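Below is entry.cif, holding mmCIF, N, CA and C atoms.
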```cif
data_structure
loop_
_atom_site.label_atom_id
_atom_site.label_comp_id
_atom_site.auth_asym_id
_atom_site.auth_seq_id
_atom_site.Cartn_x
_atom_site.Cartn_y
_atom_site.Cartn_z
N MET G 1 0.84 -1.17 0.00
CA MET G 1 0.00 0.00 0.00
C MET G 1 0.89 1.24 0.00
N GLN G 2 0.60 2.16 -0.83
CA GLN G 2 1.37 3.39 -0.91
C GLN G 2 0.69 4.48 -0.08
N ALA G 3 1.49 5.19 0.72
CA ALA G 3 0.95 6.26 1.56
C ALA G 3 0.35 7.36 0.70
N ARG G 4 -0.83 7.82 1.10
CA ARG G 4 -1.49 8.90 0.35
C ARG G 4 -1.03 10.26 0.87
N LEU G 5 -0.43 10.25 2.04
CA LEU G 5 -0.07 11.50 2.68
C LEU G 5 1.28 11.35 3.38
N ASP G 6 2.20 12.23 3.11
CA ASP G 6 3.50 12.23 3.80
C ASP G 6 3.68 13.62 4.41
N ALA G 7 3.03 13.82 5.55
CA ALA G 7 2.99 15.14 6.17
C ALA G 7 4.35 15.63 6.64
N PHE G 8 5.26 14.72 6.94
CA PHE G 8 6.53 15.14 7.51
C PHE G 8 7.61 15.44 6.47
N SER G 9 7.24 15.37 5.21
CA SER G 9 8.21 15.71 4.17
C SER G 9 8.13 17.18 3.77
N THR G 10 7.26 17.92 4.43
CA THR G 10 7.10 19.35 4.13
C THR G 10 7.34 20.18 5.39
N GLU G 11 7.45 21.48 5.22
CA GLU G 11 7.62 22.36 6.38
C GLU G 11 6.33 22.49 7.19
N LEU G 12 5.21 22.06 6.61
CA LEU G 12 3.94 22.11 7.33
C LEU G 12 3.72 20.90 8.22
N GLY G 13 4.60 19.93 8.17
CA GLY G 13 4.47 18.70 8.93
C GLY G 13 4.20 18.90 10.42
N PRO G 14 5.02 19.69 11.11
CA PRO G 14 4.78 19.89 12.54
C PRO G 14 3.42 20.53 12.84
N LYS G 15 3.00 21.47 12.02
CA LYS G 15 1.68 22.10 12.22
C LYS G 15 0.58 21.08 11.99
N PHE G 16 0.75 20.28 10.97
CA PHE G 16 -0.21 19.24 10.65
C PHE G 16 -0.34 18.26 11.82
N ALA G 17 0.79 17.83 12.35
CA ALA G 17 0.79 16.89 13.47
C ALA G 17 0.10 17.50 14.69
N LYS G 18 0.33 18.78 14.94
CA LYS G 18 -0.29 19.45 16.08
C LYS G 18 -1.82 19.42 15.95
N HIS G 19 -2.32 19.66 14.76
CA HIS G 19 -3.77 19.64 14.54
C HIS G 19 -4.35 18.23 14.65
N LEU G 20 -3.60 17.24 14.19
CA LEU G 20 -4.07 15.85 14.33
C LEU G 20 -4.17 15.47 15.80
N ILE G 21 -3.18 15.87 16.57
CA ILE G 21 -3.18 15.57 18.01
C ILE G 21 -4.35 16.27 18.69
N SER G 22 -4.61 17.51 18.31
CA SER G 22 -5.75 18.25 18.87
C SER G 22 -7.07 17.56 18.54
N ALA G 23 -7.20 17.10 17.31
CA ALA G 23 -8.42 16.39 16.91
C ALA G 23 -8.58 15.10 17.69
N ASP G 24 -7.49 14.40 17.91
CA ASP G 24 -7.54 13.16 18.69
C ASP G 24 -7.98 13.43 20.12
N GLU G 25 -7.51 14.52 20.71
CA GLU G 25 -7.91 14.87 22.07
C GLU G 25 -9.40 15.19 22.16
N VAL G 26 -9.94 15.86 21.16
CA VAL G 26 -11.37 16.17 21.14
C VAL G 26 -12.18 14.87 21.11
N VAL G 27 -11.77 13.95 20.25
CA VAL G 27 -12.49 12.67 20.15
C VAL G 27 -12.35 11.88 21.45
N ALA G 28 -11.16 11.88 22.04
CA ALA G 28 -10.93 11.13 23.28
C ALA G 28 -11.80 11.62 24.43
N HIS G 29 -12.10 12.90 24.44
CA HIS G 29 -12.92 13.47 25.52
C HIS G 29 -14.40 13.56 25.15
N SER G 30 -14.79 12.96 24.04
CA SER G 30 -16.19 13.00 23.62
C SER G 30 -16.96 11.85 24.25
N THR G 31 -18.25 11.81 23.98
CA THR G 31 -19.10 10.73 24.50
C THR G 31 -19.11 9.51 23.57
N LEU G 32 -18.36 9.57 22.49
CA LEU G 32 -18.26 8.46 21.56
C LEU G 32 -17.64 7.26 22.28
N PRO G 33 -18.26 6.08 22.20
CA PRO G 33 -17.70 4.92 22.90
C PRO G 33 -16.25 4.64 22.50
N ARG G 34 -15.46 4.17 23.44
CA ARG G 34 -14.03 3.90 23.22
C ARG G 34 -13.82 2.94 22.05
N ALA G 35 -14.64 1.90 21.96
CA ALA G 35 -14.48 0.93 20.87
C ALA G 35 -14.69 1.60 19.51
N THR G 36 -15.66 2.50 19.43
CA THR G 36 -15.93 3.21 18.18
C THR G 36 -14.77 4.15 17.85
N GLN G 37 -14.21 4.78 18.86
CA GLN G 37 -13.05 5.65 18.65
C GLN G 37 -11.89 4.86 18.05
N GLU G 38 -11.64 3.68 18.60
CA GLU G 38 -10.53 2.86 18.10
C GLU G 38 -10.79 2.38 16.68
N LEU G 39 -12.03 1.99 16.38
CA LEU G 39 -12.36 1.58 15.01
C LEU G 39 -12.19 2.73 14.03
N MET G 40 -12.54 3.94 14.47
CA MET G 40 -12.39 5.12 13.64
C MET G 40 -10.91 5.37 13.33
N LYS G 41 -10.06 5.20 14.32
CA LYS G 41 -8.62 5.39 14.12
C LYS G 41 -8.06 4.34 13.15
N ILE G 42 -8.53 3.11 13.29
CA ILE G 42 -8.07 2.05 12.39
C ILE G 42 -8.46 2.37 10.95
N ARG G 43 -9.70 2.79 10.76
CA ARG G 43 -10.17 3.09 9.40
C ARG G 43 -9.43 4.28 8.80
N ALA G 44 -9.20 5.32 9.60
CA ALA G 44 -8.45 6.48 9.11
C ALA G 44 -7.04 6.07 8.71
N SER G 45 -6.43 5.18 9.48
CA SER G 45 -5.08 4.69 9.16
C SER G 45 -5.09 3.91 7.85
N GLN G 46 -6.14 3.11 7.65
CA GLN G 46 -6.25 2.35 6.40
C GLN G 46 -6.40 3.28 5.21
N ILE G 47 -7.27 4.27 5.34
CA ILE G 47 -7.52 5.21 4.24
C ILE G 47 -6.26 6.00 3.91
N ASN G 48 -5.50 6.42 4.93
CA ASN G 48 -4.30 7.22 4.73
C ASN G 48 -3.09 6.39 4.37
N GLY G 49 -3.20 5.07 4.44
CA GLY G 49 -2.09 4.21 4.08
C GLY G 49 -0.94 4.29 5.07
N CYS G 50 -1.26 4.55 6.34
CA CYS G 50 -0.23 4.69 7.37
C CYS G 50 -0.09 3.37 8.13
N GLY G 51 0.86 2.56 7.73
CA GLY G 51 1.08 1.27 8.37
C GLY G 51 1.45 1.38 9.83
N GLY G 52 2.28 2.35 10.18
CA GLY G 52 2.66 2.54 11.58
C GLY G 52 1.48 2.93 12.44
N CYS G 53 0.63 3.81 11.91
CA CYS G 53 -0.58 4.23 12.63
C CYS G 53 -1.53 3.06 12.78
N LEU G 54 -1.65 2.28 11.73
CA LEU G 54 -2.53 1.12 11.75
C LEU G 54 -2.07 0.12 12.80
N ASP G 55 -0.77 -0.10 12.86
CA ASP G 55 -0.21 -1.01 13.86
C ASP G 55 -0.48 -0.49 15.27
N MET G 56 -0.28 0.80 15.50
CA MET G 56 -0.52 1.38 16.82
C MET G 56 -1.99 1.29 17.20
N SER G 57 -2.89 1.43 16.26
CA SER G 57 -4.32 1.39 16.54
C SER G 57 -4.81 -0.03 16.82
N ARG G 58 -4.20 -0.99 16.19
CA ARG G 58 -4.65 -2.38 16.36
C ARG G 58 -4.14 -3.01 17.65
N LYS G 59 -2.99 -2.63 18.12
CA LYS G 59 -2.41 -3.27 19.31
C LYS G 59 -3.30 -3.16 20.55
N PRO G 60 -3.85 -1.98 20.87
CA PRO G 60 -4.71 -1.91 22.06
C PRO G 60 -5.96 -2.79 21.92
N ARG G 61 -6.54 -2.88 20.72
CA ARG G 61 -7.72 -3.73 20.51
C ARG G 61 -7.35 -5.20 20.69
N THR G 62 -6.20 -5.60 20.20
CA THR G 62 -5.77 -6.99 20.33
C THR G 62 -5.54 -7.33 21.79
N ARG G 63 -4.87 -6.43 22.53
CA ARG G 63 -4.64 -6.66 23.96
C ARG G 63 -5.95 -6.75 24.73
N ALA G 64 -6.90 -5.90 24.40
CA ALA G 64 -8.19 -5.90 25.10
C ALA G 64 -8.92 -7.23 24.86
N ARG G 65 -8.86 -7.74 23.63
CA ARG G 65 -9.51 -9.01 23.32
C ARG G 65 -8.84 -10.15 24.06
N GLN G 66 -7.51 -10.11 24.17
CA GLN G 66 -6.78 -11.17 24.85
C GLN G 66 -7.11 -11.20 26.34
N ARG G 67 -7.28 -10.03 26.95
CA ARG G 67 -7.60 -9.95 28.38
C ARG G 67 -9.04 -10.41 28.66
N SER G 68 -9.95 -10.14 27.73
CA SER G 68 -11.36 -10.45 27.96
C SER G 68 -11.71 -11.92 27.71
N GLY G 69 -10.83 -12.63 27.13
CA GLY G 69 -11.16 -14.04 26.96
C GLY G 69 -10.56 -14.61 25.79
#
```
The structure in this file should be written as structure tokens.
Amino acid sequence: MQARLDAFSTELGPKFAKHLISADEVVAHSTLPRATQELMKIRASQINGCGGCLDMSRKPRTRARQRSG
């Protein structure tokens, strides 16, 4: 899969990252269920072609499933 976005190859990368982090904080403090938040992150990672992000998003879900049974 080829990345659709390489934010850190430009001078706008740090600003872009700051806004992504801010958006993540808004979602984290919302009433949206945690499981839905994690699924949303996984899908965004798939759409953006970010393998590292996808890996980070999947690990907490895998650990949660392993603990629950």
Do you have the atom C of G:Asp24-atom C of G:Leu54 distance handy? 16.3 Å
Apply DSSP to the backbone of this structure and, from stretch 9-56 of chain G, keep only the residues in alpha helix (DSSP H); write these as a ChimeraX atom specification. /G:13-28,34-48,51-56
Convert the output of the PyMOL selection byres (((chain G and resi 35-45 and name CA) around 10) and name CA) on the shown file into explicit residues, formatted as a list in words. Ala3, Asp24, Val27, Ala28, Ser30, Thr31, Leu32, Pro33, Arg34, Gln46, Ile47, Asn48, Gly49, Cys50, Gly51, Gly52, Cys53, Leu54, Asp55, Met56, Ser57, Arg58, Pro60 and Arg61 of chain G
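Atom N of G:Ile21 is positioned 15.4 Å from atom N of G:Ser9.
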Could you give me the centre and size, in Å to one decimal, of an axis-aligned box around all listed atoms of stretch 54-58 of chain G with 3 Å added on every side, as AutoDock Vina command-line options?
```
--center_x -2.5 --center_y -0.4 --center_z 14.7 --size_x 10.6 --size_y 11.3 --size_z 11.9
```
